[in-house]
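Source file: my_file-v2.csv; contents: CSV, C-alpha atoms.
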chain,number,residue,atom,x,y,z
A,718,MET,CA,-5.3,-22.1,-13.9
A,719,LYS,CA,-6.2,-23.2,-17.4
A,720,SER,CA,-4.4,-20.6,-19.5
A,721,ILE,CA,-0.7,-19.9,-18.9
A,722,LEU,CA,1.4,-17.3,-20.7
A,723,VAL,CA,5.0,-18.2,-21.3
A,724,PRO,CA,7.1,-15.4,-22.8
A,725,ILE,CA,10.2,-17.1,-24.4
A,726,GLY,CA,13.3,-15.3,-25.5
A,727,GLY,CA,15.3,-17.9,-27.5
A,728,SER,CA,18.2,-18.2,-25.1
A,729,MET,CA,20.0,-20.8,-23.0
A,730,THR,CA,17.5,-20.2,-20.1
A,731,ASP,CA,14.6,-21.5,-22.2
A,732,GLY,CA,15.1,-25.0,-20.9
A,733,PRO,CA,14.3,-24.4,-17.2
A,734,LEU,CA,11.5,-22.0,-18.2
A,735,LEU,CA,9.8,-24.6,-20.4
A,736,GLU,CA,10.1,-27.4,-17.8
A,737,THR,CA,8.7,-25.1,-15.1
A,738,ALA,CA,5.8,-24.0,-17.3
A,739,LEU,CA,4.9,-27.6,-17.9
A,740,ALA,CA,5.2,-28.4,-14.2
A,741,ALA,CA,2.7,-25.6,-13.5
A,742,ALA,CA,0.3,-26.7,-16.3
A,743,ARG,CA,0.2,-30.5,-15.6
A,744,PRO,CA,-2.0,-30.4,-12.5
A,745,PHE,CA,-4.7,-28.5,-14.4
A,746,ALA,CA,-4.2,-29.9,-18.0
A,747,ALA,CA,-3.7,-26.2,-18.8
A,748,HIS,CA,-2.9,-24.5,-22.1
A,749,LEU,CA,0.5,-23.0,-22.5
A,750,GLN,CA,0.6,-19.9,-24.7
A,751,PHE,CA,4.2,-19.4,-25.8
A,752,LEU,CA,4.9,-15.9,-26.8
A,753,HIS,CA,8.1,-14.5,-28.5
A,754,ILE,CA,8.4,-10.8,-29.1
A,755,ARG,CA,10.6,-9.7,-31.9
A,756,VAL,CA,12.0,-6.6,-30.2
A,757,GLY,CA,12.8,-3.7,-32.5
A,758,LEU,CA,16.3,-2.7,-33.2
A,759,GLY,CA,15.9,0.6,-31.5
A,760,GLU,CA,14.6,-0.9,-28.3
A,761,THR,CA,17.3,-3.5,-28.3
A,762,ALA,CA,20.0,-0.9,-28.8
A,763,GLN,CA,18.5,1.2,-26.0
A,764,HIS,CA,18.9,-1.6,-23.5
A,765,THR,CA,22.3,-2.9,-24.7
A,766,PRO,CA,25.3,-1.9,-22.5
A,767,HIS,CA,27.8,0.5,-24.1
A,768,MET,CA,25.7,1.1,-27.3
A,769,ALA,CA,25.5,4.8,-26.4
A,770,PHE,CA,29.3,5.1,-26.8
A,771,ALA,CA,29.4,3.6,-30.3
A,772,THR,CA,29.8,6.0,-33.3
A,773,GLY,CA,30.5,5.9,-37.0
A,774,PRO,CA,31.5,2.4,-38.4
A,775,ALA,CA,31.5,0.9,-34.9
A,776,LEU,CA,27.9,1.9,-34.4
A,777,ARG,CA,26.9,0.4,-37.8
A,778,ASP,CA,28.7,-2.8,-37.0
A,779,ALA,CA,27.1,-3.0,-33.5
A,780,LEU,CA,23.6,-2.5,-35.0
A,781,GLU,CA,24.2,-5.2,-37.6
A,782,GLN,CA,25.3,-7.5,-34.8
A,783,LEU,CA,22.2,-6.7,-32.8
A,784,GLU,CA,20.0,-7.4,-35.8
A,785,THR,CA,21.6,-10.8,-36.3
A,786,GLN,CA,21.2,-11.6,-32.6
A,787,ASN,CA,17.5,-10.7,-32.8
A,788,ARG,CA,17.0,-13.0,-35.8
A,789,ASP,CA,18.9,-15.8,-34.1
A,790,ARG,CA,16.8,-15.4,-30.9
A,791,CYS,CA,13.6,-15.5,-32.8
A,792,ALA,CA,14.6,-18.7,-34.7
A,793,ALA,CA,15.9,-20.3,-31.5
A,794,ALA,CA,12.7,-19.5,-29.6
A,795,VAL,CA,10.5,-21.3,-32.2
A,796,GLU,CA,12.9,-24.2,-32.4
A,797,HIS,CA,13.0,-24.6,-28.6
A,798,ILE,CA,9.2,-24.5,-28.4
A,799,HIS,CA,8.6,-27.1,-31.1
A,800,ASP,CA,11.4,-29.4,-29.9
A,801,PHE,CA,10.0,-29.2,-26.3
A,802,CYS,CA,6.4,-29.9,-27.4
A,803,THR,CA,7.5,-32.9,-29.5
A,804,ARG,CA,9.7,-34.3,-26.7
A,805,SER,CA,7.0,-33.8,-24.1
A,806,GLN,CA,4.1,-35.0,-26.4
A,807,ILE,CA,2.3,-31.7,-26.1
A,808,GLN,CA,-0.4,-31.1,-28.7
A,809,LEU,CA,-0.1,-27.7,-30.5
A,810,CYS,CA,-3.6,-26.2,-31.0
A,811,ASP,CA,-5.1,-22.7,-31.1
A,812,ALA,CA,-8.6,-23.5,-29.7
A,813,PRO,CA,-9.8,-25.5,-26.7
A,814,ASP,CA,-10.7,-29.1,-27.2
A,815,ARG,CA,-11.8,-32.0,-25.0
A,816,SER,CA,-8.2,-33.1,-24.3
A,817,GLN,CA,-7.4,-33.8,-20.7
A,818,ALA,CA,-3.7,-33.2,-21.3
A,819,VAL,CA,-1.6,-30.1,-21.5
A,820,THR,CA,-1.8,-28.2,-24.9
A,821,ALA,CA,0.2,-25.4,-26.3
A,822,SER,CA,0.2,-22.7,-28.9
A,823,CYS,CA,3.0,-20.5,-30.3
A,824,ARG,CA,2.8,-16.8,-31.2
A,825,GLU,CA,5.2,-14.3,-32.5
A,826,GLU,CA,4.7,-10.6,-32.4
A,827,GLU,CA,6.6,-7.4,-33.0
A,828,GLY,CA,6.7,-4.2,-30.9
A,829,SER,CA,7.5,-3.2,-27.4
A,830,ALA,CA,8.3,-6.3,-25.4
A,831,LEU,CA,6.9,-5.0,-22.2
A,832,GLU,CA,3.7,-3.6,-23.7
A,833,ARG,CA,3.0,-6.8,-25.6
A,834,VAL,CA,3.7,-9.1,-22.7
A,835,LEU,CA,1.6,-7.0,-20.4
A,836,PHE,CA,-1.3,-7.1,-22.9
A,837,HIS,CA,-1.3,-10.9,-23.1
A,838,ALA,CA,-0.5,-11.4,-19.4
A,839,ARG,CA,-3.7,-9.7,-18.3
A,840,HIS,CA,-5.7,-12.2,-20.5
A,841,ASN,CA,-4.2,-15.3,-18.8
A,842,ASP,CA,-4.4,-17.0,-15.4
A,843,LEU,CA,-0.7,-17.2,-14.8
A,844,VAL,CA,2.6,-15.9,-16.3
A,845,VAL,CA,5.7,-18.1,-16.2
A,846,VAL,CA,9.0,-16.3,-17.0
A,847,GLY,CA,12.7,-16.9,-16.8
A,848,ARG,CA,15.6,-14.8,-15.7
A,849,ALA,CA,17.9,-13.4,-18.4
A,850,SER,CA,21.5,-14.7,-17.9
A,851,LYS,CA,22.9,-11.8,-20.1
A,852,PRO,CA,21.7,-8.7,-21.9
A,853,ASN,CA,18.8,-9.6,-24.2
A,854,GLY,CA,17.6,-6.2,-25.5
A,855,LEU,CA,15.0,-5.9,-22.7
A,856,PRO,CA,14.9,-3.3,-19.9
A,857,PRO,CA,17.0,-4.5,-16.9
A,858,ASP,CA,13.9,-4.1,-14.7
A,859,PHE,CA,11.6,-5.9,-17.1
A,860,LEU,CA,10.4,-8.4,-14.5
A,861,GLU,CA,9.7,-5.7,-11.9
A,862,HIS,CA,7.5,-3.8,-14.4
A,863,LEU,CA,5.7,-7.0,-15.4
A,864,LEU,CA,5.1,-7.9,-11.8
A,865,MET,CA,3.7,-4.5,-11.0
A,866,GLY,CA,1.6,-4.1,-14.1
A,867,CYS,CA,0.2,-7.4,-15.2
A,868,GLY,CA,-2.3,-8.0,-12.4
A,869,ARG,CA,-1.6,-11.7,-12.5
A,870,PRO,CA,0.7,-14.0,-10.5
A,871,LEU,CA,4.2,-14.2,-11.8
A,872,LEU,CA,6.0,-17.6,-11.6
A,873,ILE,CA,9.7,-17.1,-12.1
A,874,ALA,CA,11.6,-20.3,-13.1
A,875,GLY,CA,14.7,-21.3,-11.2
A,876,PRO,CA,18.1,-21.9,-12.8
A,877,ALA,CA,17.5,-25.7,-13.2
A,878,PRO,CA,14.5,-27.6,-14.7
A,879,SER,CA,11.7,-28.2,-12.2
A,880,PRO,CA,9.9,-31.5,-12.5
A,881,THR,CA,7.2,-30.3,-10.1
A,882,VAL,CA,5.9,-27.2,-8.4
A,883,THR,CA,3.3,-28.9,-6.3
A,884,GLY,CA,5.4,-31.2,-4.2
A,885,THR,CA,6.3,-29.0,-1.2
A,886,ILE,CA,5.2,-25.3,-1.4
A,887,MET,CA,6.6,-22.8,1.1
A,888,VAL,CA,4.5,-19.7,1.6
A,889,CYS,CA,6.2,-16.6,3.0
A,890,TRP,CA,3.7,-15.0,5.3
A,891,ARG,CA,3.7,-11.4,6.7
A,892,GLU,CA,0.6,-9.5,7.8
A,893,SER,CA,0.0,-7.6,4.5
A,894,ALA,CA,-2.5,-7.3,1.8
A,895,ASP,CA,0.1,-8.5,-0.8
A,896,ALA,CA,0.8,-11.7,1.1
A,897,ALA,CA,-3.0,-12.4,1.2
A,898,ARG,CA,-3.3,-11.7,-2.5
A,899,ALA,CA,-0.3,-14.1,-3.1
A,900,VAL,CA,-2.0,-16.9,-1.2
A,901,THR,CA,-5.2,-16.4,-3.1
A,902,ALA,CA,-3.4,-16.3,-6.4
A,903,ALA,CA,-1.5,-19.5,-5.5
A,904,ALA,CA,-4.6,-21.3,-4.2
A,905,PRO,CA,-5.0,-23.7,-7.1
A,906,LEU,CA,-1.4,-24.8,-6.8
A,907,LEU,CA,-1.6,-25.0,-3.0
A,908,ALA,CA,-4.7,-27.3,-3.3
A,909,GLN,CA,-2.6,-29.6,-5.5
A,910,ALA,CA,0.4,-29.6,-3.2
A,911,LYS,CA,1.6,-32.7,-1.3
A,912,ARG,CA,2.9,-30.4,1.5
A,913,VAL,CA,2.3,-26.7,2.4
A,914,VAL,CA,4.5,-24.9,4.8
A,915,PHE,CA,3.7,-21.3,6.0
A,916,VAL,CA,6.8,-19.5,7.1
A,917,GLY,CA,7.0,-16.2,8.9
A,918,VAL,CA,9.8,-14.2,10.5
A,919,ALA,CA,9.1,-13.1,14.1
A,920,GLU,CA,8.8,-9.3,14.4
A,921,LYS,CA,9.3,-7.1,17.4
A,922,ASN,CA,5.9,-5.5,17.3
A,923,GLY,CA,3.8,-8.5,16.3
A,924,ASP,CA,2.8,-12.1,17.2
A,925,ALA,CA,3.8,-14.0,14.1
A,926,ALA,CA,3.0,-17.4,15.7
A,927,SER,CA,-0.6,-16.3,16.5
A,928,ALA,CA,-1.1,-14.8,13.0
A,929,LEU,CA,0.2,-17.9,11.3
A,930,ASP,CA,-2.0,-20.2,13.4
A,931,ASP,CA,-5.0,-18.2,12.4
A,932,VAL,CA,-4.1,-18.4,8.7
A,933,LEU,CA,-3.6,-22.1,9.2
A,934,ARG,CA,-7.1,-22.6,10.7
A,935,ARG,CA,-8.7,-20.6,7.9
A,936,PHE,CA,-6.7,-22.4,5.2
A,937,ALA,CA,-7.9,-25.8,6.6
A,938,TRP,CA,-11.4,-24.9,5.2
A,939,HIS,CA,-9.9,-25.4,1.8
A,940,GLY,CA,-9.2,-29.0,2.7
A,941,VAL,CA,-5.4,-28.7,2.5
A,942,PRO,CA,-3.4,-29.5,5.6
A,943,ALA,CA,-0.5,-27.1,6.2
A,944,GLU,CA,2.4,-26.6,8.6
A,945,VAL,CA,3.6,-23.5,10.3
A,946,GLN,CA,7.2,-22.4,11.0
A,947,VAL,CA,8.2,-19.2,12.7
A,948,ILE,CA,11.8,-18.1,12.2
A,949,ALA,CA,13.6,-16.2,14.9
A,950,PRO,CA,15.5,-13.2,13.6
A,951,ASN,CA,19.3,-13.6,14.2
A,952,GLY,CA,20.7,-10.5,12.5
A,953,ARG,CA,20.9,-12.1,9.1
A,954,PRO,CA,18.8,-10.5,6.2
A,955,VAL,CA,15.3,-11.9,6.1
A,956,GLN,CA,15.8,-13.1,2.5
A,957,GLU,CA,18.7,-15.3,3.7
A,958,LEU,CA,16.5,-16.7,6.5
A,959,LEU,CA,13.7,-17.6,4.0
A,960,ALA,CA,16.2,-19.1,1.5
A,961,THR,CA,17.5,-21.3,4.3
A,962,ALA,CA,14.0,-22.3,5.3
A,963,ALA,CA,13.2,-23.2,1.7
A,964,ARG,CA,16.3,-25.4,1.4
A,965,THR,CA,15.5,-27.1,4.8
A,966,CYS,CA,11.9,-28.0,3.9
A,967,GLY,CA,12.9,-28.9,0.3
A,968,ALA,CA,10.5,-26.4,-1.2
A,969,ASP,CA,9.7,-27.0,-4.9
A,970,LEU,CA,8.0,-23.6,-5.0
A,971,ILE,CA,8.1,-20.4,-2.9
A,972,VAL,CA,5.1,-18.2,-2.8
A,973,SER,CA,5.4,-14.6,-1.7
A,974,GLY,CA,3.6,-11.3,-1.8
A,975,ALA,CA,5.4,-8.4,-3.5
A,976,TYR,CA,5.0,-4.7,-2.9
A,977,GLY,CA,6.6,-1.8,-4.8
A,978,HIS,CA,6.1,1.8,-5.9
A,979,SER,CA,8.2,4.6,-7.3
A,980,ARG,CA,11.2,2.8,-8.8
A,981,LEU,CA,9.9,-0.5,-7.7
A,982,ARG,CA,12.4,-0.9,-4.9
A,983,GLU,CA,10.1,-0.8,-1.9
A,984,VAL,CA,9.4,-4.5,-1.1
A,985,VAL,CA,7.8,-6.8,1.4
A,986,PHE,CA,10.4,-8.4,3.8
A,987,GLY,CA,12.8,-5.5,3.0
A,988,GLY,CA,14.8,-6.8,0.0
A,989,CYS,CA,13.1,-10.1,-0.3
A,990,THR,CA,11.2,-9.4,-3.5
A,991,GLN,CA,14.3,-8.2,-5.3
A,992,SER,CA,16.1,-11.2,-4.0
A,993,PHE,CA,13.4,-13.5,-5.4
A,994,ILE,CA,13.3,-11.7,-8.7
A,995,ARG,CA,17.1,-11.6,-9.3
A,996,ARG,CA,18.4,-14.7,-7.7
A,997,CYS,CA,16.6,-17.7,-6.3
A,998,ASP,CA,17.6,-21.4,-6.6
A,999,ARG,CA,14.1,-22.6,-7.1
A,1000,PRO,CA,10.8,-21.4,-8.7
A,1001,VAL,CA,9.1,-18.5,-6.9
A,1002,LEU,CA,5.5,-17.3,-7.4
A,1003,LEU,CA,5.0,-13.5,-6.7
A,1004,MET,CA,1.9,-11.5,-6.6
A,1005,HIS,CA,1.6,-7.7,-6.3
Same coordinates, now as structure tokens:
Amino acid sequence: MKSILVPIGGSMTDGPLLETALAAARPFAAHLQFLHIRVGLGETAQHTPHMAFATGPALRDALEQLETQNRDRCAAAVEHIHDFCTRSQIQLCDAPDRSQAVTASCREEEGSALERVLFHARHNDLVVVGRASKPNGLPPDFLEHLLMGCGRPLLIAGPAPSPTVTGTIMVCWRESADAARAVTAAAPLLAQAKRVVFVGVAEKNGDAASALDDVLRRFAWHGVPAEVQVIAPNGRPVQELLATAARTCGADLIVSGAYGHSRLREVVFGGCTQSFIRRCDRPVLLMH
């Protein structure tokens, strides 16, 4: 993972996002490509609650307010990036050099946020994103579309800064192609981890323990020792069982496969992908 895309919005959630991106970049001395999209006023209005009900002078005032918010977000994004790079002693450069440290570049573009982020995401090894804490002019299912369309692993930052993502990594395993793709995508991080825990939820029509043991044996060829934990279902939603397992093992990062189609609501582990996307108290790496 030498090239990491970091879309940044210029909001209060930028802090944890920047720290998580740096934590992912450090083990590889990777380059962080910070990207801010100046979303058009029309797109911002389309995805702003209650705008459809504004008319006359109220509509004009609302549009002026949105325009001001867009300018403020753009200025804040640039300020956050430069302050963070200065504080973290990250060199800003636009081309590779012989540095063995993390480097960064900053780019601003206009247009459709989803289209531009998807374009750049496909040209990088990893995408690190944050969760919006309030409406920001982007589609409410922006992360779902990005996960489905970018073809790259998506690392979603937690609500608090993450000093490392390679301490303890918990891998959510289920017998599916998406879980296998997630493990492959996360392999560089898993190889750097101090501890790897494969966790599966026992199913009625399968032998989770046997499957996990086989995964463990094959993973040992990569030279990374790992542990296995099989969770017995107890009537609680699977996402709650996995969240408890992550807290118990002190996971710095959760790795999971993701599956969706139609309106992106069909997911591995039932509602787990949606739970990881919308609310998780630690970073989670998803791969579709």
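The smallest atom-to-atom distance between A:Leu863 and any of A:Ala908, A:Leu970, A:Val723, A:Leu831, using all atoms listed in the file, is found for A:Leu831.
You will find atom CA of A:Ser829 at 11.4 Å from atom CA of A:His753.
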Given only C-alpha atoms as the basis, pick out the residue of A:Leu860, A:Arg869, A:Gly967, A:Ser879 nearest to A:Arg898. A:Arg869
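Reported to one decimal place, the separation of atom CA of A:Val914 from atom CA of A:Ala943 is 5.6 Å.
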Which residues are close to A:Arg790, i.e. within 9 Å by only C-alpha atoms, leaving aside same-chain residues fewer than 6 positions away? Reply as a PyMOL selection string. chain A and resi 726-728+755
May I have the residues from that selection written out with C-alpha atoms, as a PDB file, in the frame of the given file?
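Output file out.pdb is given in full below:
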ATOM      1  CA  GLY A 726      13.300 -15.300 -25.500  1.00  0.00           C
ATOM      2  CA  GLY A 727      15.300 -17.900 -27.500  1.00  0.00           C
ATOM      3  CA  SER A 728      18.200 -18.200 -25.100  1.00  0.00           C
ATOM      4  CA  ARG A 755      10.600  -9.700 -31.900  1.00  0.00           C
TER       5      ARG A 755
END
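Taking only C-alpha atoms into account, A:Ala849 lies nearest to A:Pro876 out of the set A:Gly828, A:Pro876, A:Gly974, A:Pro744.
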Ranking A:Pro856, A:Ser927, A:Ile873, A:Val941 by minimum distance to A:Ala904 and counting all atoms listed in the file, which one comes first? A:Val941
Residue with the minimum atom-to-atom distance to A:Thr737, picked from A:Ser973, A:Thr881, A:Gln991, A:Ser816 with all atoms listed in the file counted, is A:Thr881
Residues around (1.0, -12.9, -0.4), cut-off 12 Å, counting all atoms listed in the file - what are they as number ranges by chain? A: 870-871, 887-904, 915-917, 932, 971-976, 984-986, 990, 1001-1005
Could you give me, as a VMD selection string, the residues within 9 Å of stretch 958-962 of chain A, counting all atoms listed in the file and dropping anything in the same chain fewer than 2 positions from it? chain A and resid 887 889 916 to 918 946 948 to 951 953 to 956 964 to 968 989 997 to 998
Writing out the chosen residues with C-alpha atoms as a compact mmCIF listing (two decimals), keeping the file's coordinate frame:
# COMPACT_ATOMS: atom_id res chain seq x y z
CA MET A 887 6.60 -22.80 1.10
CA CYS A 889 6.20 -16.60 3.00
CA VAL A 916 6.80 -19.50 7.10
CA GLY A 917 7.00 -16.20 8.90
CA VAL A 918 9.80 -14.20 10.50
CA GLN A 946 7.20 -22.40 11.00
CA ILE A 948 11.80 -18.10 12.20
CA ALA A 949 13.60 -16.20 14.90
CA PRO A 950 15.50 -13.20 13.60
CA ASN A 951 19.30 -13.60 14.20
CA ARG A 953 20.90 -12.10 9.10
CA PRO A 954 18.80 -10.50 6.20
CA VAL A 955 15.30 -11.90 6.10
CA GLN A 956 15.80 -13.10 2.50
CA ARG A 964 16.30 -25.40 1.40
CA THR A 965 15.50 -27.10 4.80
CA CYS A 966 11.90 -28.00 3.90
CA GLY A 967 12.90 -28.90 0.30
CA ALA A 968 10.50 -26.40 -1.20
CA CYS A 989 13.10 -10.10 -0.30
CA CYS A 997 16.60 -17.70 -6.30
CA ASP A 998 17.60 -21.40 -6.60
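For the atom pair formed by atom CA of A:Asp969 and atom CA of A:Arg912, the distance is 9.9 Å, given to one decimal.
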